[in-house]
$ cat start11.pdb   # PDB, C-alpha atoms, pLDDT in the B column
ATOM      1  CA  MET A  89      97.245  72.513 110.464  1.00 81.00           C
ATOM      2  CA  LYS A  90      94.793  71.539 113.215  1.00 93.00           C
ATOM      3  CA  GLU A  91      91.906  73.293 111.444  1.00 95.00           C
ATOM      4  CA  LEU A  92      92.735  71.567 108.148  1.00 96.00           C
ATOM      5  CA  THR A  93      93.123  68.171 109.830  1.00 97.00           C
ATOM      6  CA  SER A  94      89.688  68.588 111.377  1.00 96.00           C
ATOM      7  CA  ALA A  95      88.198  69.554 108.000  1.00 97.00           C
ATOM      8  CA  ILE A  96      89.786  66.563 106.243  1.00 97.00           C
ATOM      9  CA  ASN A  97      88.507  64.232 108.960  1.00 97.00           C
ATOM     10  CA  HIS A  98      85.065  65.762 108.499  1.00 96.00           C
ATOM     11  CA  HIS A  99      85.302  65.217 104.728  1.00 97.00           C
ATOM     12  CA  LEU A 100      86.054  61.525 105.272  1.00 97.00           C
ATOM     13  CA  ALA A 101      82.417  61.137 106.282  1.00 96.00           C
ATOM     14  CA  ALA A 102      81.316  62.288 102.803  1.00 95.00           C
ATOM     15  CA  GLU A 103      83.601  59.766 101.099  1.00 96.00           C
ATOM     16  CA  PHE A 104      82.559  56.865 103.347  1.00 97.00           C
ATOM     17  CA  GLN A 105      78.870  57.829 103.122  1.00 96.00           C
ATOM     18  CA  ALA A 106      79.078  57.890  99.329  1.00 96.00           C
ATOM     19  CA  SER A 107      80.792  54.486  99.334  1.00 97.00           C
ATOM     20  CA  HIS A 108      78.128  52.994 101.584  1.00 97.00           C
ATOM     21  CA  SER A 109      75.293  54.564  99.560  1.00 98.00           C
ATOM     22  CA  TYR A 110      76.763  53.371  96.268  1.00 98.00           C
ATOM     23  CA  LEU A 111      77.047  49.850  97.652  1.00 98.00           C
ATOM     24  CA  ALA A 112      73.346  49.948  98.598  1.00 98.00           C
ATOM     25  CA  MET A 113      72.550  51.227  95.095  1.00 98.00           C
ATOM     26  CA  SER A 114      74.580  48.410  93.566  1.00 98.00           C
ATOM     27  CA  ILE A 115      72.603  45.862  95.557  1.00 98.00           C
ATOM     28  CA  TRP A 116      69.252  47.401  94.588  1.00 98.00           C
ATOM     29  CA  LEU A 117      70.234  47.500  90.904  1.00 98.00           C
ATOM     30  CA  ARG A 118      71.384  43.875  91.053  1.00 98.00           C
ATOM     31  CA  GLU A 119      68.053  42.904  92.599  1.00 98.00           C
ATOM     32  CA  LYS A 120      66.399  44.546  89.584  1.00 97.00           C
ATOM     33  CA  ASP A 121      68.571  42.419  87.233  1.00 97.00           C
ATOM     34  CA  LEU A 122      70.456  45.488  86.017  1.00 97.00           C
ATOM     35  CA  ALA A 123      73.879  43.876  86.248  1.00 97.00           C
ATOM     36  CA  GLY A 124      75.704  46.596  84.276  1.00 97.00           C
ATOM     37  CA  PHE A 125      74.474  49.465  86.424  1.00 97.00           C
ATOM     38  CA  SER A 126      75.072  47.321  89.514  1.00 97.00           C
ATOM     39  CA  ALA A 127      78.689  46.614  88.571  1.00 97.00           C
ATOM     40  CA  TYR A 128      79.255  50.304  87.861  1.00 96.00           C
ATOM     41  CA  MET A 129      77.900  51.343  91.256  1.00 97.00           C
ATOM     42  CA  LEU A 130      79.980  48.675  93.004  1.00 98.00           C
ATOM     43  CA  GLU A 131      83.049  50.106  91.253  1.00 96.00           C
ATOM     44  CA  LYS A 132      82.013  53.604  92.389  1.00 97.00           C
ATOM     45  CA  SER A 133      81.628  52.348  95.972  1.00 98.00           C
ATOM     46  CA  ASN A 134      85.156  50.952  95.885  1.00 98.00           C
ATOM     47  CA  GLU A 135      86.486  54.190  94.362  1.00 96.00           C
ATOM     48  CA  GLU A 136      84.988  56.261  97.172  1.00 96.00           C
ATOM     49  CA  ARG A 137      86.717  54.090  99.786  1.00 97.00           C
ATOM     50  CA  GLY A 138      89.912  54.597  97.789  1.00 97.00           C
ATOM     51  CA  HIS A 139      89.392  58.355  97.952  1.00 97.00           C
ATOM     52  CA  ALA A 140      89.057  58.145 101.734  1.00 97.00           C
ATOM     53  CA  ALA A 141      92.213  56.021 101.863  1.00 98.00           C
ATOM     54  CA  ARG A 142      94.144  58.730  99.964  1.00 97.00           C
ATOM     55  CA  MET A 143      93.137  61.348 102.482  1.00 97.00           C
ATOM     56  CA  ILE A 144      93.896  59.040 105.394  1.00 98.00           C
ATOM     57  CA  ALA A 145      97.358  58.390 103.933  1.00 97.00           C
ATOM     58  CA  TYR A 146      97.910  62.146 103.674  1.00 97.00           C
ATOM     59  CA  LEU A 147      96.975  62.651 107.322  1.00 97.00           C
ATOM     60  CA  VAL A 148      99.161  59.769 108.509  1.00 98.00           C
ATOM     61  CA  ASP A 149     102.091  60.908 106.346  1.00 97.00           C
ATOM     62  CA  SER A 150     101.660  64.413 107.795  1.00 96.00           C
ATOM     63  CA  ASP A 151     101.747  62.973 111.330  1.00 96.00           C
ATOM     64  CA  GLU A 152      98.171  64.100 111.930  1.00 97.00           C
ATOM     65  CA  GLN A 153      95.391  62.263 113.770  1.00 96.00           C
ATOM     66  CA  VAL A 154      92.823  60.307 111.708  1.00 97.00           C
ATOM     67  CA  GLU A 155      89.285  60.225 113.056  1.00 96.00           C
ATOM     68  CA  LEU A 156      87.110  57.662 111.311  1.00 95.00           C
ATOM     69  CA  PRO A 157      83.526  58.928 111.061  1.00 94.00           C
ATOM     70  CA  THR A 158      80.268  57.278 111.929  1.00 94.00           C
ATOM     71  CA  ILE A 159      78.068  57.023 108.855  1.00 94.00           C
ATOM     72  CA  ASP A 160      74.329  56.634 108.471  1.00 94.00           C
ATOM     73  CA  ALA A 161      72.635  53.612 106.980  1.00 96.00           C
ATOM     74  CA  PRO A 162      71.968  54.407 103.318  1.00 96.00           C
ATOM     75  CA  GLU A 163      68.643  54.362 101.549  1.00 94.00           C
ATOM     76  CA  ARG A 164      67.681  50.870 100.469  1.00 95.00           C
ATOM     77  CA  SER A 165      65.347  51.484  97.526  1.00 97.00           C
ATOM     78  CA  TRP A 166      64.576  54.065  94.871  1.00 97.00           C
ATOM     79  CA  PRO A 167      61.454  54.800  92.818  1.00 97.00           C
ATOM     80  CA  SER A 168      63.437  54.447  89.578  1.00 96.00           C
ATOM     81  CA  VAL A 169      66.904  54.083  88.121  1.00 97.00           C
ATOM     82  CA  GLN A 170      66.633  57.719  87.029  1.00 96.00           C
ATOM     83  CA  GLN A 171      66.021  58.895  90.574  1.00 97.00           C
ATOM     84  CA  LEU A 172      68.866  56.735  91.858  1.00 98.00           C
ATOM     85  CA  PHE A 173      71.301  58.382  89.451  1.00 98.00           C
ATOM     86  CA  ASP A 174      69.877  61.828  90.196  1.00 97.00           C
ATOM     87  CA  GLN A 175      70.883  61.119  93.799  1.00 97.00           C
ATOM     88  CA  VAL A 176      74.356  60.006  92.644  1.00 98.00           C
ATOM     89  CA  TYR A 177      74.780  63.300  90.795  1.00 98.00           C
ATOM     90  CA  ASP A 178      73.655  65.284  93.845  1.00 97.00           C
ATOM     91  CA  MET A 179      76.057  63.365  96.083  1.00 96.00           C
ATOM     92  CA  GLU A 180      78.961  64.007  93.711  1.00 96.00           C
ATOM     93  CA  LYS A 181      78.162  67.719  93.657  1.00 96.00           C
ATOM     94  CA  GLY A 182      78.191  67.676  97.456  1.00 95.00           C
ATOM     95  CA  VAL A 183      81.575  65.931  97.532  1.00 95.00           C
ATOM     96  CA  THR A 184      82.919  68.475  95.034  1.00 96.00           C
ATOM     97  CA  ALA A 185      81.738  71.338  97.245  1.00 97.00           C
ATOM     98  CA  SER A 186      83.472  69.744 100.232  1.00 96.00           C
ATOM     99  CA  ILE A 187      86.722  69.301  98.266  1.00 97.00           C
ATOM    100  CA  ASN A 188      86.521  72.949  97.181  1.00 97.00           C
ATOM    101  CA  ARG A 189      86.122  74.043 100.826  1.00 97.00           C
ATOM    102  CA  LEU A 190      89.158  71.938 101.791  1.00 97.00           C
ATOM    103  CA  TYR A 191      91.175  73.459  98.965  1.00 97.00           C
ATOM    104  CA  SER A 192      90.237  76.999  99.953  1.00 98.00           C
ATOM    105  CA  LEU A 193      91.169  76.294 103.559  1.00 97.00           C
ATOM    106  CA  ALA A 194      94.510  74.748 102.543  1.00 97.00           C
ATOM    107  CA  GLU A 195      95.266  77.814 100.412  1.00 97.00           C
ATOM    108  CA  LYS A 196      94.297  80.181 103.234  1.00 97.00           C
ATOM    109  CA  LEU A 197      96.622  78.311 105.606  1.00 96.00           C
ATOM    110  CA  SER A 198      99.409  78.100 102.969  1.00 96.00           C
ATOM    111  CA  GLU A 199      99.496  74.311 103.305  1.00 96.00           C
ATOM    112  CA  ARG A 200     101.173  73.503  99.978  1.00 96.00           C
ATOM    113  CA  SER A 201     101.312  69.757 100.579  1.00 96.00           C
ATOM    114  CA  ALA A 202      97.545  69.756 101.141  1.00 97.00           C
ATOM    115  CA  THR A 203      96.810  71.715  97.964  1.00 97.00           C
ATOM    116  CA  ALA A 204      99.085  69.339  96.039  1.00 96.00           C
ATOM    117  CA  MET A 205      97.169  66.349  97.440  1.00 96.00           C
ATOM    118  CA  LEU A 206      93.831  68.028  96.729  1.00 97.00           C
ATOM    119  CA  ASP A 207      94.744  68.811  93.094  1.00 97.00           C
ATOM    120  CA  TRP A 208      94.120  65.141  92.308  1.00 96.00           C
ATOM    121  CA  PHE A 209      90.686  65.326  93.960  1.00 97.00           C
ATOM    122  CA  VAL A 210      89.702  68.447  92.001  1.00 97.00           C
ATOM    123  CA  ALA A 211      90.393  66.638  88.714  1.00 95.00           C
ATOM    124  CA  GLU A 212      88.716  63.470  89.977  1.00 95.00           C
ATOM    125  CA  GLN A 213      85.546  65.309  90.940  1.00 95.00           C
ATOM    126  CA  LEU A 214      85.360  66.929  87.513  1.00 95.00           C
ATOM    127  CA  GLN A 215      85.318  63.395  86.077  1.00 94.00           C
ATOM    128  CA  GLU A 216      82.862  62.073  88.665  1.00 95.00           C
ATOM    129  CA  GLU A 217      80.351  64.842  88.008  1.00 96.00           C
ATOM    130  CA  ALA A 218      80.699  64.509  84.237  1.00 95.00           C
ATOM    131  CA  GLU A 219      79.977  60.780  84.417  1.00 95.00           C
ATOM    132  CA  ALA A 220      76.974  61.199  86.717  1.00 96.00           C
ATOM    133  CA  ARG A 221      75.553  64.020  84.583  1.00 96.00           C
ATOM    134  CA  PHE A 222      75.958  61.907  81.431  1.00 95.00           C
ATOM    135  CA  VAL A 223      74.163  58.923  82.953  1.00 96.00           C
ATOM    136  CA  CYS A 224      71.322  61.165  84.162  1.00 97.00           C
ATOM    137  CA  LYS A 225      70.926  62.647  80.692  1.00 96.00           C
ATOM    138  CA  ARG A 226      70.923  59.212  79.065  1.00 95.00           C
ATOM    139  CA  LEU A 227      68.324  57.929  81.501  1.00 96.00           C
ATOM    140  CA  ARG A 228      66.142  60.972  80.828  1.00 96.00           C
ATOM    141  CA  LEU A 229      66.400  60.209  77.106  1.00 95.00           C
ATOM    142  CA  ALA A 230      65.422  56.588  77.774  1.00 95.00           C
ATOM    143  CA  GLY A 231      62.400  57.714  79.779  1.00 93.00           C
ATOM    144  CA  ASP A 232      60.001  54.846  80.402  1.00 92.00           C
ATOM    145  CA  ASN A 233      61.406  52.799  77.507  1.00 95.00           C
ATOM    146  CA  SER A 234      62.582  49.561  79.123  1.00 95.00           C
ATOM    147  CA  ALA A 235      64.429  48.502  75.948  1.00 96.00           C
ATOM    148  CA  ALA A 236      66.507  51.706  76.100  1.00 96.00           C
ATOM    149  CA  LEU A 237      67.194  51.103  79.806  1.00 95.00           C
ATOM    150  CA  LEU A 238      68.356  47.556  79.073  1.00 96.00           C
ATOM    151  CA  LEU A 239      70.570  48.775  76.235  1.00 95.00           C
ATOM    152  CA  LEU A 240      72.238  51.314  78.530  1.00 95.00           C
ATOM    153  CA  ASP A 241      72.633  48.643  81.217  1.00 95.00           C
ATOM    154  CA  GLN A 242      74.298  46.389  78.642  1.00 95.00           C
ATOM    155  CA  GLN A 243      76.715  49.174  77.690  1.00 94.00           C
ATOM    156  CA  PHE A 244      77.716  49.443  81.355  1.00 93.00           C
ATOM    157  CA  LEU A 245      78.116  45.682  81.550  1.00 92.00           C
ATOM    158  CA  GLU A 246      80.400  45.747  78.501  1.00 92.00           C
ATOM    159  CA  GLY A 247      82.322  48.679  79.980  1.00 86.00           C
ATOM    160  CA  ASN A 248      81.852  51.085  77.082  1.00 86.00           C
ATOM    161  CA  ALA A 249      78.981  53.275  78.322  1.00 85.00           C
ATOM    162  CA  LEU A 250      81.281  56.067  79.500  1.00 87.00           C
ATOM    163  CA  ALA A 251      84.219  55.689  77.100  1.00 81.00           C
ATOM    164  CA  HIS A 252      83.711  59.018  75.358  1.00 76.00           C
ATOM    165  CA  VAL A 253      83.069  60.876  78.641  1.00 79.00           C
ATOM    166  CA  LYS A 254      86.339  59.621  80.100  1.00 70.00           C
ATOM    167  CA  GLY A 255      88.225  60.286  76.868  1.00 61.00           C
ATOM    168  CA  GLY A 256      86.786  63.772  76.470  1.00 55.00           C
ATOM    169  CA  LEU A 257      88.037  64.956  79.831  1.00 48.00           C
ATOM    170  CA  SER A 258      91.522  63.547  79.428  1.00 47.00           C
ATOM    171  CA  GLY A 259      91.956  65.065  75.999  1.00 44.00           C
ATOM    172  CA  ALA A 260      92.267  61.647  74.401  1.00 42.00           C
ATOM    173  CA  ASN A 261      90.025  60.411  71.642  1.00 39.00           C
ATOM    174  CA  GLY A 262      88.294  57.538  73.394  1.00 38.00           C
ATOM    175  CA  ALA A 263      91.542  56.253  74.847  1.00 36.00           C
TER     176      ALA A 263
END
$ encode --input "start11.pdb" --output "structure tokens"
Amino acid sequence: MKELTSAINHHLAAEFQASHSYLAMSIWLREKDLAGFSAYMLEKSNEERGHAARMIAYLVDSDEQVELPTIDAPERSWPSVQQLFDQVYDMEKGVTASINRLYSLAEKLSERSATAMLDWFVAEQLQEEAEARFVCKRLRLAGDNSAALLLLDQQFLEGNALAHVKGGLSGANGA
């Protein structure tokens, strides 16, 4: 279990780094008067801290040592909203790769409680990547059209920009 505990503690850095980066993105978007995108990224920042909390709870419940990581200061500005969300997508792919490594290690060590805990993360990362990919595609469609960007921002503000993405993965029809 020591090897797995070390790997989970290492993964915490990815979750906390994503949370910190998403908070910086939320601030930058708010400064650009893109309140919908900003609110979405603030929600994502909070979710990432929640992900770290789930793993911390697992370690504590397993009577293992938690080692909180040091994280780097995030970027503070981006050339465009498109490039910001391209970075979000890349970060989510990195988190997914880390979760997959944890899962493989847990399987190798026959740590059933760890694989059970990680099942939730596998499904969550499928959703996270789908959302990020969708936003990137929409922003590419919008291109340099500021009216399209504002329309997408408004959809995020109203909370319906990702309704079909979330519904499609759960098997529900927009529910």
$ resolve_selection --input "start11.pdb" --expression "the PyMOL selection byres ((chain A and resi 190-192) around 12)" --output "VMD selection string"
chain A and resid 89 91 to 100 143 183 to 189 193 to 210
$ closest_residue --input "start11.pdb" --among "A:Pro167, A:His139, A:Val223, A:Pro162" --to "Phe244 (chain A)" --atoms "all atoms listed in the file"
A:Val223
$ atom_distance --input "start11.pdb" --atom1 "CA of Ile115 (chain A)" --atom2 "CA of Leu240 (chain A)"
17.9 Å
$ resolve_selection --input "start11.pdb" --expression "the PyMOL selection byres ((chain A and resi 219) around 12)" --output "JSON, numbers by chain"
{"A": [128, 129, 132, 173, 174, 176, 177, 180, 181, 212, 213, 214, 215, 216, 217, 218, 220, 221, 222, 223, 224, 225, 226, 244, 249, 250, 251, 252, 253, 254, 255, 256, 257]}
$ closest_residue --input "start11.pdb" --among "A:Gln170, A:Leu111, A:Ile144, A:Glu246" --to "Asn233 (chain A)" --atoms "all atoms listed in the file"
A:Gln170
$ atom_distance --input "start11.pdb" --atom1 "CA of His108 (chain A)" --atom2 "CA of Ser133 (chain A)"
6.6 Å
$ atom_distance --input "start11.pdb" --atom1 "CA of Leu130 (chain A)" --atom2 "CA of Leu239 (chain A)"
19.2 Å
$ axis_aligned_box --input "start11.pdb" --around "region 128-141 of chain A" --padding-each-side "6 Å" --output "AutoDock Vina command-line options"
--center_x 85.1 --center_y 53.5 --center_z 94.9 --size_x 26.3 --size_y 21.7 --size_z 26.0
$ closest_residue --input "start11.pdb" --among "A:Tyr110, A:Ala102, A:Asn248, A:Ser168" --to "Asn134 (chain A)" --atoms "only C-alpha atoms"
A:Tyr110
$ closest_residue --input "start11.pdb" --among "A:Leu237, A:Leu245, A:Leu227, A:Met179" --to "Ser109 (chain A)" --atoms "only C-alpha atoms"
A:Met179
$ closest_residue --input "start11.pdb" --among "A:Ala145, A:Ser114, A:Pro157, A:Gly124" --to "Leu172 (chain A)" --atoms "all atoms listed in the file"
A:Ser114
